$ cat query09.txt   # compact mmCIF, N, CA and C atoms
# COMPACT_ATOMS: atom_id res chain seq x y z
N MET A 1 -6.72 13.74 3.43
CA MET A 1 -7.71 13.01 2.71
C MET A 1 -7.96 11.67 3.41
N SER A 2 -9.19 11.29 3.51
CA SER A 2 -9.53 10.00 4.08
C SER A 2 -9.58 8.97 2.96
N VAL A 3 -8.75 7.93 3.09
CA VAL A 3 -8.70 6.87 2.09
C VAL A 3 -8.76 5.52 2.78
N THR A 4 -9.05 4.50 2.01
CA THR A 4 -9.07 3.13 2.52
C THR A 4 -7.95 2.35 1.86
N VAL A 5 -7.17 1.64 2.67
CA VAL A 5 -6.09 0.81 2.14
C VAL A 5 -6.50 -0.65 2.31
N ARG A 6 -6.51 -1.38 1.20
CA ARG A 6 -6.81 -2.81 1.24
C ARG A 6 -5.51 -3.57 1.48
N ILE A 7 -5.55 -4.42 2.49
CA ILE A 7 -4.38 -5.18 2.92
C ILE A 7 -4.49 -6.61 2.40
N PRO A 8 -3.44 -7.12 1.73
CA PRO A 8 -3.52 -8.51 1.25
C PRO A 8 -3.45 -9.50 2.42
N THR A 9 -3.96 -10.67 2.18
CA THR A 9 -4.00 -11.71 3.21
C THR A 9 -2.64 -11.94 3.86
N GLN A 10 -1.58 -11.93 3.06
CA GLN A 10 -0.24 -12.21 3.57
C GLN A 10 0.22 -11.19 4.62
N LEU A 11 -0.35 -9.99 4.63
CA LEU A 11 0.09 -8.95 5.56
C LEU A 11 -0.91 -8.68 6.68
N ARG A 12 -2.01 -9.39 6.69
CA ARG A 12 -3.04 -9.12 7.69
C ARG A 12 -2.62 -9.50 9.10
N GLY A 13 -1.61 -10.33 9.24
CA GLY A 13 -1.07 -10.62 10.57
C GLY A 13 -0.51 -9.37 11.23
N LEU A 14 -0.04 -8.43 10.42
CA LEU A 14 0.51 -7.17 10.94
C LEU A 14 -0.58 -6.17 11.29
N THR A 15 -1.78 -6.36 10.72
CA THR A 15 -2.88 -5.40 10.95
C THR A 15 -3.95 -5.97 11.87
N GLY A 16 -3.60 -7.02 12.61
CA GLY A 16 -4.57 -7.62 13.50
C GLY A 16 -5.71 -8.30 12.76
N GLY A 17 -5.45 -8.70 11.53
CA GLY A 17 -6.44 -9.39 10.73
C GLY A 17 -7.29 -8.49 9.85
N ALA A 18 -7.10 -7.18 9.97
CA ALA A 18 -7.91 -6.24 9.19
C ALA A 18 -7.58 -6.33 7.71
N GLY A 19 -8.61 -6.45 6.87
CA GLY A 19 -8.44 -6.49 5.43
C GLY A 19 -8.48 -5.12 4.79
N GLU A 20 -9.07 -4.17 5.51
CA GLU A 20 -9.13 -2.77 5.05
C GLU A 20 -8.83 -1.87 6.24
N VAL A 21 -8.03 -0.84 5.98
CA VAL A 21 -7.65 0.09 7.04
C VAL A 21 -7.87 1.52 6.54
N PRO A 22 -8.65 2.31 7.28
CA PRO A 22 -8.81 3.71 6.89
C PRO A 22 -7.60 4.53 7.36
N VAL A 23 -7.12 5.43 6.52
CA VAL A 23 -6.01 6.32 6.89
C VAL A 23 -6.29 7.73 6.36
N GLU A 24 -5.60 8.67 6.96
CA GLU A 24 -5.63 10.06 6.50
C GLU A 24 -4.29 10.32 5.83
N ALA A 25 -4.31 10.52 4.51
CA ALA A 25 -3.07 10.74 3.77
C ALA A 25 -3.38 11.43 2.45
N SER A 26 -2.41 12.20 1.95
CA SER A 26 -2.61 12.90 0.69
C SER A 26 -1.84 12.28 -0.48
N THR A 27 -0.88 11.37 -0.17
CA THR A 27 -0.13 10.67 -1.21
C THR A 27 -0.03 9.19 -0.84
N VAL A 28 0.33 8.37 -1.80
CA VAL A 28 0.52 6.94 -1.54
C VAL A 28 1.62 6.73 -0.50
N GLY A 29 2.73 7.43 -0.65
CA GLY A 29 3.84 7.29 0.30
C GLY A 29 3.43 7.67 1.71
N GLU A 30 2.66 8.73 1.83
CA GLU A 30 2.18 9.15 3.15
C GLU A 30 1.25 8.09 3.74
N ALA A 31 0.40 7.50 2.92
CA ALA A 31 -0.50 6.44 3.38
C ALA A 31 0.29 5.26 3.93
N LEU A 32 1.38 4.89 3.25
CA LEU A 32 2.20 3.77 3.72
C LEU A 32 2.91 4.12 5.02
N LYS A 33 3.33 5.37 5.18
CA LYS A 33 3.97 5.80 6.43
C LYS A 33 2.98 5.77 7.59
N VAL A 34 1.76 6.23 7.34
CA VAL A 34 0.72 6.21 8.37
C VAL A 34 0.42 4.77 8.77
N LEU A 35 0.32 3.88 7.78
CA LEU A 35 0.09 2.46 8.07
C LEU A 35 1.21 1.88 8.91
N ASP A 36 2.46 2.21 8.55
CA ASP A 36 3.59 1.67 9.30
C ASP A 36 3.63 2.20 10.73
N ALA A 37 3.19 3.44 10.94
CA ALA A 37 3.15 3.99 12.30
C ALA A 37 2.11 3.24 13.14
N ALA A 38 1.00 2.88 12.51
CA ALA A 38 -0.06 2.17 13.23
C ALA A 38 0.24 0.68 13.35
N TYR A 39 0.92 0.13 12.35
CA TYR A 39 1.22 -1.30 12.29
C TYR A 39 2.70 -1.48 11.96
N PRO A 40 3.58 -1.34 12.97
CA PRO A 40 5.03 -1.41 12.73
C PRO A 40 5.43 -2.69 11.99
N GLY A 41 6.34 -2.50 11.05
CA GLY A 41 6.86 -3.60 10.26
C GLY A 41 6.24 -3.70 8.88
N LEU A 42 5.14 -3.00 8.68
CA LEU A 42 4.47 -3.07 7.39
C LEU A 42 5.32 -2.45 6.28
N ALA A 43 5.91 -1.30 6.54
CA ALA A 43 6.72 -0.63 5.51
C ALA A 43 7.92 -1.48 5.11
N ALA A 44 8.50 -2.21 6.04
CA ALA A 44 9.65 -3.06 5.71
C ALA A 44 9.28 -4.14 4.72
N ARG A 45 8.04 -4.56 4.72
CA ARG A 45 7.56 -5.57 3.79
C ARG A 45 7.25 -4.98 2.42
N LEU A 46 6.96 -3.69 2.38
CA LEU A 46 6.52 -3.05 1.14
C LEU A 46 7.61 -2.26 0.44
N LEU A 47 8.53 -1.68 1.22
CA LEU A 47 9.55 -0.79 0.67
C LEU A 47 10.94 -1.38 0.82
N ASP A 48 11.81 -1.09 -0.16
CA ASP A 48 13.19 -1.55 -0.06
C ASP A 48 14.02 -0.57 0.79
N GLU A 49 15.30 -0.82 0.88
CA GLU A 49 16.19 0.00 1.71
C GLU A 49 16.24 1.45 1.24
N GLY A 50 15.97 1.68 -0.04
CA GLY A 50 15.98 3.03 -0.60
C GLY A 50 14.64 3.74 -0.48
N GLY A 51 13.66 3.08 0.13
CA GLY A 51 12.35 3.69 0.29
C GLY A 51 11.45 3.57 -0.92
N ARG A 52 11.84 2.71 -1.88
CA ARG A 52 11.03 2.48 -3.08
C ARG A 52 10.20 1.22 -2.90
N LEU A 53 9.09 1.13 -3.65
CA LEU A 53 8.29 -0.09 -3.59
C LEU A 53 9.14 -1.28 -4.01
N ARG A 54 9.02 -2.36 -3.28
CA ARG A 54 9.73 -3.59 -3.66
C ARG A 54 9.20 -4.08 -5.00
N ARG A 55 10.03 -4.79 -5.75
CA ARG A 55 9.65 -5.26 -7.08
C ARG A 55 8.41 -6.12 -7.08
N PHE A 56 8.23 -6.90 -6.02
CA PHE A 56 7.12 -7.85 -5.99
C PHE A 56 5.87 -7.28 -5.32
N VAL A 57 5.86 -5.98 -5.05
CA VAL A 57 4.70 -5.33 -4.45
C VAL A 57 4.10 -4.35 -5.46
N ASN A 58 2.82 -4.50 -5.70
CA ASN A 58 2.11 -3.59 -6.59
C ASN A 58 1.10 -2.80 -5.76
N VAL A 59 0.97 -1.54 -6.06
CA VAL A 59 0.00 -0.69 -5.36
C VAL A 59 -0.86 -0.03 -6.42
N PHE A 60 -2.15 -0.14 -6.22
CA PHE A 60 -3.12 0.40 -7.16
C PHE A 60 -4.03 1.41 -6.49
N ILE A 61 -4.37 2.45 -7.24
CA ILE A 61 -5.43 3.37 -6.85
C ILE A 61 -6.53 3.11 -7.87
N ALA A 62 -7.66 2.62 -7.40
CA ALA A 62 -8.70 2.12 -8.29
C ALA A 62 -8.04 1.01 -9.12
N GLU A 63 -7.93 1.17 -10.42
CA GLU A 63 -7.31 0.13 -11.25
C GLU A 63 -5.99 0.59 -11.85
N GLU A 64 -5.44 1.69 -11.34
CA GLU A 64 -4.20 2.25 -11.88
C GLU A 64 -3.00 1.88 -11.01
N ASP A 65 -1.99 1.28 -11.61
CA ASP A 65 -0.74 0.95 -10.93
C ASP A 65 0.01 2.25 -10.67
N VAL A 66 0.38 2.52 -9.42
CA VAL A 66 1.04 3.79 -9.09
C VAL A 66 2.40 3.92 -9.76
N ARG A 67 3.00 2.81 -10.19
CA ARG A 67 4.28 2.89 -10.89
C ARG A 67 4.13 3.63 -12.22
N PHE A 68 2.93 3.61 -12.78
CA PHE A 68 2.68 4.29 -14.05
C PHE A 68 2.07 5.67 -13.83
N LEU A 69 1.94 6.05 -12.58
CA LEU A 69 1.47 7.39 -12.23
C LEU A 69 2.68 8.15 -11.68
N SER A 70 2.65 8.57 -10.44
CA SER A 70 3.78 9.28 -9.85
C SER A 70 4.41 8.50 -8.70
N GLY A 71 4.29 7.17 -8.74
CA GLY A 71 4.89 6.34 -7.71
C GLY A 71 4.35 6.68 -6.33
N LEU A 72 5.23 6.74 -5.36
CA LEU A 72 4.83 7.03 -3.99
C LEU A 72 4.33 8.47 -3.82
N GLN A 73 4.63 9.34 -4.77
CA GLN A 73 4.16 10.72 -4.72
C GLN A 73 2.78 10.88 -5.35
N THR A 74 2.18 9.79 -5.81
CA THR A 74 0.86 9.86 -6.43
C THR A 74 -0.15 10.43 -5.45
N PRO A 75 -0.83 11.51 -5.82
CA PRO A 75 -1.83 12.09 -4.91
C PRO A 75 -3.05 11.19 -4.76
N LEU A 76 -3.64 11.24 -3.59
CA LEU A 76 -4.83 10.45 -3.29
C LEU A 76 -6.04 11.36 -3.15
N PRO A 77 -7.05 11.15 -3.99
CA PRO A 77 -8.28 11.93 -3.81
C PRO A 77 -9.03 11.42 -2.59
N ASP A 78 -9.80 12.28 -1.97
CA ASP A 78 -10.59 11.89 -0.81
C ASP A 78 -11.50 10.73 -1.19
N GLY A 79 -11.53 9.72 -0.35
CA GLY A 79 -12.39 8.57 -0.58
C GLY A 79 -11.78 7.50 -1.45
N ALA A 80 -10.53 7.68 -1.87
CA ALA A 80 -9.87 6.70 -2.75
C ALA A 80 -9.67 5.37 -2.03
N THR A 81 -9.56 4.33 -2.83
CA THR A 81 -9.20 3.01 -2.31
C THR A 81 -7.83 2.66 -2.87
N VAL A 82 -6.92 2.35 -1.97
CA VAL A 82 -5.55 1.96 -2.32
C VAL A 82 -5.44 0.46 -2.05
N SER A 83 -5.05 -0.29 -3.07
CA SER A 83 -4.93 -1.74 -2.92
C SER A 83 -3.46 -2.14 -3.00
N ILE A 84 -3.01 -2.88 -2.00
CA ILE A 84 -1.67 -3.46 -2.00
C ILE A 84 -1.82 -4.88 -2.51
N VAL A 85 -1.11 -5.18 -3.61
CA VAL A 85 -1.27 -6.48 -4.26
C VAL A 85 0.12 -7.09 -4.46
N PRO A 86 0.41 -8.19 -3.76
CA PRO A 86 1.70 -8.84 -3.99
C PRO A 86 1.70 -9.50 -5.36
N ALA A 87 2.86 -9.48 -6.02
CA ALA A 87 2.99 -10.13 -7.32
C ALA A 87 2.88 -11.63 -7.14
N VAL A 88 2.30 -12.27 -8.13
CA VAL A 88 2.14 -13.71 -8.11
C VAL A 88 2.90 -14.28 -9.29
N ALA A 89 3.66 -15.34 -9.03
CA ALA A 89 4.43 -15.97 -10.10
C ALA A 89 4.25 -17.48 -9.99
N GLY A 90 4.61 -18.14 -11.03
CA GLY A 90 4.56 -19.60 -11.00
C GLY A 90 3.55 -20.14 -11.99
N GLY A 91 3.22 -21.37 -11.83
CA GLY A 91 2.28 -22.01 -12.73
C GLY A 91 2.98 -23.02 -13.59
N SER A 92 2.25 -23.56 -14.51
CA SER A 92 2.86 -24.57 -15.38
C SER A 92 2.68 -24.22 -16.82
$ encode --input "query09.txt" --output "structure tokens"
Amino acid sequence: MSVTVRIPTQLRGLTGGAGEVPVEASTVGEALKVLDAAYPGLAARLLDEGGRLRRFVNVFIAEEDVRFLSGLQTPLPDGATVSIVPAVAGGS
């Protein structure tokens, strides 16, 4: 499946500045592996030592958080947009 992955500003240094990257993948986990193959070091920023999404990384398909779907095994429909969104904390 051809999907688009939106890269947050904090990780664009790893993608040569690209804010969106097209990939061929059928699941969220596969999309992240393809990204890491093309842009080494990306998976280390997104996944923990056990291969799970880090606590401060959110991944959405459209407006659905994959943690509430099937996690990294969430299937990707052709043409889907996958957004990587780092958690934001702080404020007053």
$ residues_around --input "query09.txt" --residues "stretch 78-86 of chain A" --least-positions-apart "2" --cutoff "9 Å" --atoms "only C-alpha atoms" --output "PDB file with N, CA and C atoms, in the frame of the given file"
ATOM      1  N   MET A   1      -6.720  13.740   3.430  1.00  0.00           N
ATOM      2  CA  MET A   1      -7.710  13.010   2.710  1.00  0.00           C
ATOM      3  C   MET A   1      -7.960  11.670   3.410  1.00  0.00           C
ATOM      4  N   SER A   2      -9.190  11.290   3.510  1.00  0.00           N
ATOM      5  CA  SER A   2      -9.530  10.000   4.080  1.00  0.00           C
ATOM      6  C   SER A   2      -9.580   8.970   2.960  1.00  0.00           C
ATOM      7  N   VAL A   3      -8.750   7.930   3.090  1.00  0.00           N
ATOM      8  CA  VAL A   3      -8.700   6.870   2.090  1.00  0.00           C
ATOM      9  C   VAL A   3      -8.760   5.520   2.780  1.00  0.00           C
ATOM     10  N   THR A   4      -9.050   4.500   2.010  1.00  0.00           N
ATOM     11  CA  THR A   4      -9.070   3.130   2.520  1.00  0.00           C
ATOM     12  C   THR A   4      -7.950   2.350   1.860  1.00  0.00           C
ATOM     13  N   VAL A   5      -7.170   1.640   2.670  1.00  0.00           N
ATOM     14  CA  VAL A   5      -6.090   0.810   2.140  1.00  0.00           C
ATOM     15  C   VAL A   5      -6.500  -0.650   2.310  1.00  0.00           C
ATOM     16  N   ARG A   6      -6.510  -1.380   1.200  1.00  0.00           N
ATOM     17  CA  ARG A   6      -6.810  -2.810   1.240  1.00  0.00           C
ATOM     18  C   ARG A   6      -5.510  -3.570   1.480  1.00  0.00           C
ATOM     19  N   ILE A   7      -5.550  -4.420   2.490  1.00  0.00           N
ATOM     20  CA  ILE A   7      -4.380  -5.180   2.920  1.00  0.00           C
ATOM     21  C   ILE A   7      -4.490  -6.610   2.400  1.00  0.00           C
ATOM     22  N   PRO A   8      -3.440  -7.120   1.730  1.00  0.00           N
ATOM     23  CA  PRO A   8      -3.520  -8.510   1.250  1.00  0.00           C
ATOM     24  C   PRO A   8      -3.450  -9.500   2.420  1.00  0.00           C
ATOM     25  N   GLN A  10      -1.580 -11.930   3.060  1.00  0.00           N
ATOM     26  CA  GLN A  10      -0.240 -12.210   3.570  1.00  0.00           C
ATOM     27  C   GLN A  10       0.220 -11.190   4.620  1.00  0.00           C
ATOM     28  N   ALA A  25      -4.310  10.520   4.510  1.00  0.00           N
ATOM     29  CA  ALA A  25      -3.070  10.740   3.770  1.00  0.00           C
ATOM     30  C   ALA A  25      -3.380  11.430   2.450  1.00  0.00           C
ATOM     31  N   SER A  26      -2.410  12.200   1.950  1.00  0.00           N
ATOM     32  CA  SER A  26      -2.610  12.900   0.690  1.00  0.00           C
ATOM     33  C   SER A  26      -1.840  12.280  -0.480  1.00  0.00           C
ATOM     34  N   VAL A  28       0.330   8.370  -1.800  1.00  0.00           N
ATOM     35  CA  VAL A  28       0.520   6.940  -1.540  1.00  0.00           C
ATOM     36  C   VAL A  28       1.620   6.730  -0.500  1.00  0.00           C
ATOM     37  N   ALA A  31       0.400   7.500   2.920  1.00  0.00           N
ATOM     38  CA  ALA A  31      -0.500   6.440   3.380  1.00  0.00           C
ATOM     39  C   ALA A  31       0.290   5.260   3.930  1.00  0.00           C
ATOM     40  N   LEU A  46       6.960  -3.690   2.380  1.00  0.00           N
ATOM     41  CA  LEU A  46       6.520  -3.050   1.140  1.00  0.00           C
ATOM     42  C   LEU A  46       7.610  -2.260   0.440  1.00  0.00           C
ATOM     43  N   PHE A  56       8.230  -6.900  -6.020  1.00  0.00           N
ATOM     44  CA  PHE A  56       7.120  -7.850  -5.990  1.00  0.00           C
ATOM     45  C   PHE A  56       5.870  -7.280  -5.320  1.00  0.00           C
ATOM     46  N   VAL A  57       5.860  -5.980  -5.050  1.00  0.00           N
ATOM     47  CA  VAL A  57       4.700  -5.330  -4.450  1.00  0.00           C
ATOM     48  C   VAL A  57       4.100  -4.350  -5.460  1.00  0.00           C
ATOM     49  N   ASN A  58       2.820  -4.500  -5.700  1.00  0.00           N
ATOM     50  CA  ASN A  58       2.110  -3.590  -6.590  1.00  0.00           C
ATOM     51  C   ASN A  58       1.100  -2.800  -5.760  1.00  0.00           C
ATOM     52  N   VAL A  59       0.970  -1.540  -6.060  1.00  0.00           N
ATOM     53  CA  VAL A  59       0.000  -0.690  -5.360  1.00  0.00           C
ATOM     54  C   VAL A  59      -0.860  -0.030  -6.420  1.00  0.00           C
ATOM     55  N   PHE A  60      -2.150  -0.140  -6.220  1.00  0.00           N
ATOM     56  CA  PHE A  60      -3.120   0.400  -7.160  1.00  0.00           C
ATOM     57  C   PHE A  60      -4.030   1.410  -6.490  1.00  0.00           C
ATOM     58  N   ILE A  61      -4.370   2.450  -7.240  1.00  0.00           N
ATOM     59  CA  ILE A  61      -5.430   3.370  -6.850  1.00  0.00           C
ATOM     60  C   ILE A  61      -6.530   3.110  -7.870  1.00  0.00           C
ATOM     61  N   ALA A  62      -7.660   2.620  -7.400  1.00  0.00           N
ATOM     62  CA  ALA A  62      -8.700   2.120  -8.290  1.00  0.00           C
ATOM     63  C   ALA A  62      -8.040   1.010  -9.120  1.00  0.00           C
ATOM     64  N   GLU A  63      -7.930   1.170 -10.420  1.00  0.00           N
ATOM     65  CA  GLU A  63      -7.310   0.130 -11.250  1.00  0.00           C
ATOM     66  C   GLU A  63      -5.990   0.590 -11.850  1.00  0.00           C
ATOM     67  N   LEU A  76      -3.640  11.240  -3.590  1.00  0.00           N
ATOM     68  CA  LEU A  76      -4.830  10.450  -3.290  1.00  0.00           C
ATOM     69  C   LEU A  76      -6.040  11.360  -3.150  1.00  0.00           C
ATOM     70  N   VAL A  88       2.300 -12.270  -8.130  1.00  0.00           N
ATOM     71  CA  VAL A  88       2.140 -13.710  -8.110  1.00  0.00           C
ATOM     72  C   VAL A  88       2.900 -14.280  -9.290  1.00  0.00           C
TER      73      VAL A  88
END
$ atom_distance --input "query09.txt" --atom1 "atom CA of A:Gly71" --atom2 "atom CA of A:Asp48"
13.8 Å
$ select_by_dssp --input "query09.txt" --residues "stretch 13-83 of chain A" --states "helix (DSSP H, G or I)" --output "tab-separated table (two decimals) with N, CA and C atoms, keeping the file's coordinate frame"
chain	number	residue	atom	x	y	z
A	28	VAL	N	0.33	8.37	-1.80
A	28	VAL	CA	0.52	6.94	-1.54
A	28	VAL	C	1.62	6.73	-0.50
A	29	GLY	N	2.73	7.43	-0.65
A	29	GLY	CA	3.84	7.29	0.30
A	29	GLY	C	3.43	7.67	1.71
A	30	GLU	N	2.66	8.73	1.83
A	30	GLU	CA	2.18	9.15	3.15
A	30	GLU	C	1.25	8.09	3.74
A	31	ALA	N	0.40	7.50	2.92
A	31	ALA	CA	-0.50	6.44	3.38
A	31	ALA	C	0.29	5.26	3.93
A	32	LEU	N	1.38	4.89	3.25
A	32	LEU	CA	2.20	3.77	3.72
A	32	LEU	C	2.91	4.12	5.02
A	33	LYS	N	3.33	5.37	5.18
A	33	LYS	CA	3.97	5.80	6.43
A	33	LYS	C	2.98	5.77	7.59
A	34	VAL	N	1.76	6.23	7.34
A	34	VAL	CA	0.72	6.21	8.37
A	34	VAL	C	0.42	4.77	8.77
A	35	LEU	N	0.32	3.88	7.78
A	35	LEU	CA	0.09	2.46	8.07
A	35	LEU	C	1.21	1.88	8.91
A	36	ASP	N	2.46	2.21	8.55
A	36	ASP	CA	3.59	1.67	9.30
A	36	ASP	C	3.63	2.20	10.73
A	37	ALA	N	3.19	3.44	10.94
A	37	ALA	CA	3.15	3.99	12.30
A	37	ALA	C	2.11	3.24	13.14
A	38	ALA	N	1.00	2.88	12.51
A	38	ALA	CA	-0.06	2.17	13.23
A	38	ALA	C	0.24	0.68	13.35
A	42	LEU	N	5.14	-3.00	8.68
A	42	LEU	CA	4.47	-3.07	7.39
A	42	LEU	C	5.32	-2.45	6.28
A	43	ALA	N	5.91	-1.30	6.54
A	43	ALA	CA	6.72	-0.63	5.51
A	43	ALA	C	7.92	-1.48	5.11
A	44	ALA	N	8.50	-2.21	6.04
A	44	ALA	CA	9.65	-3.06	5.71
A	44	ALA	C	9.28	-4.14	4.72
A	45	ARG	N	8.04	-4.56	4.72
A	45	ARG	CA	7.56	-5.57	3.79
A	45	ARG	C	7.25	-4.98	2.42
A	46	LEU	N	6.96	-3.69	2.38
A	46	LEU	CA	6.52	-3.05	1.14
A	46	LEU	C	7.61	-2.26	0.44
A	66	VAL	N	0.38	2.52	-9.42
A	66	VAL	CA	1.04	3.79	-9.09
A	66	VAL	C	2.40	3.92	-9.76
A	67	ARG	N	3.00	2.81	-10.19
A	67	ARG	CA	4.28	2.89	-10.89
A	67	ARG	C	4.13	3.63	-12.22
A	68	PHE	N	2.93	3.61	-12.78
A	68	PHE	CA	2.68	4.29	-14.05
A	68	PHE	C	2.07	5.67	-13.83
A	71	GLY	N	4.29	7.17	-8.74
A	71	GLY	CA	4.89	6.34	-7.71
A	71	GLY	C	4.35	6.68	-6.33
A	72	LEU	N	5.23	6.74	-5.36
A	72	LEU	CA	4.83	7.03	-3.99
A	72	LEU	C	4.33	8.47	-3.82
A	73	GLN	N	4.63	9.34	-4.77
A	73	GLN	CA	4.16	10.72	-4.72
A	73	GLN	C	2.78	10.88	-5.35
$ atom_distance --input "query09.txt" --atom1 "atom N of A:Val34" --atom2 "atom C of A:Gly16"
17.2 Å
$ atom_distance --input "query09.txt" --atom1 "atom CA of A:Gly13" --atom2 "atom CA of A:Gly41"
10.6 Å
$ closest_residue --input "query09.txt" --among "A:Ser70, A:Glu64, A:Thr15, A:Pro77" --to "A:Ala38" --atoms "all atoms listed in the file"
A:Thr15
$ select_by_dssp --input "query09.txt" --residues "chain A" --states "strand (DSSP E)" --output "compact mmCIF listing (two decimals) with N, CA and C atoms, in the frame of the given file"
# COMPACT_ATOMS: atom_id res chain seq x y z
N SER A 2 -9.19 11.29 3.51
CA SER A 2 -9.53 10.00 4.08
C SER A 2 -9.58 8.97 2.96
N VAL A 3 -8.75 7.93 3.09
CA VAL A 3 -8.70 6.87 2.09
C VAL A 3 -8.76 5.52 2.78
N THR A 4 -9.05 4.50 2.01
CA THR A 4 -9.07 3.13 2.52
C THR A 4 -7.95 2.35 1.86
N VAL A 5 -7.17 1.64 2.67
CA VAL A 5 -6.09 0.81 2.14
C VAL A 5 -6.50 -0.65 2.31
N ARG A 6 -6.51 -1.38 1.20
CA ARG A 6 -6.81 -2.81 1.24
C ARG A 6 -5.51 -3.57 1.48
N GLU A 20 -9.07 -4.17 5.51
CA GLU A 20 -9.13 -2.77 5.05
C GLU A 20 -8.83 -1.87 6.24
N VAL A 21 -8.03 -0.84 5.98
CA VAL A 21 -7.65 0.09 7.04
C VAL A 21 -7.87 1.52 6.54
N PRO A 22 -8.65 2.31 7.28
CA PRO A 22 -8.81 3.71 6.89
C PRO A 22 -7.60 4.53 7.36
N VAL A 23 -7.12 5.43 6.52
CA VAL A 23 -6.01 6.32 6.89
C VAL A 23 -6.29 7.73 6.36
N GLU A 24 -5.60 8.67 6.96
CA GLU A 24 -5.63 10.06 6.50
C GLU A 24 -4.29 10.32 5.83
N VAL A 57 5.86 -5.98 -5.05
CA VAL A 57 4.70 -5.33 -4.45
C VAL A 57 4.10 -4.35 -5.46
N ASN A 58 2.82 -4.50 -5.70
CA ASN A 58 2.11 -3.59 -6.59
C ASN A 58 1.10 -2.80 -5.76
N VAL A 59 0.97 -1.54 -6.06
CA VAL A 59 0.00 -0.69 -5.36
C VAL A 59 -0.86 -0.03 -6.42
N PHE A 60 -2.15 -0.14 -6.22
CA PHE A 60 -3.12 0.40 -7.16
C PHE A 60 -4.03 1.41 -6.49
N ILE A 61 -4.37 2.45 -7.24
CA ILE A 61 -5.43 3.37 -6.85
C ILE A 61 -6.53 3.11 -7.87
N GLU A 64 -5.44 1.69 -11.34
CA GLU A 64 -4.20 2.25 -11.88
C GLU A 64 -3.00 1.88 -11.01
N ASP A 65 -1.99 1.28 -11.61
CA ASP A 65 -0.74 0.95 -10.93
C ASP A 65 0.01 2.25 -10.67
N THR A 81 -9.56 4.33 -2.83
CA THR A 81 -9.20 3.01 -2.31
C THR A 81 -7.83 2.66 -2.87
N VAL A 82 -6.92 2.35 -1.97
CA VAL A 82 -5.55 1.96 -2.32
C VAL A 82 -5.44 0.46 -2.05
N SER A 83 -5.05 -0.29 -3.07
CA SER A 83 -4.93 -1.74 -2.92
C SER A 83 -3.46 -2.14 -3.00
N ILE A 84 -3.01 -2.88 -2.00
CA ILE A 84 -1.67 -3.46 -2.00
C ILE A 84 -1.82 -4.88 -2.51
N VAL A 85 -1.11 -5.18 -3.61
CA VAL A 85 -1.27 -6.48 -4.26
C VAL A 85 0.12 -7.09 -4.46
N PRO A 86 0.41 -8.19 -3.76
CA PRO A 86 1.70 -8.84 -3.99
C PRO A 86 1.70 -9.50 -5.36
$ closest_residue --input "query09.txt" --among "A:Leu72, A:Leu14, A:Ala87, A:Val66" --to "A:Asp36" --atoms "only C-alpha atoms"
A:Leu14
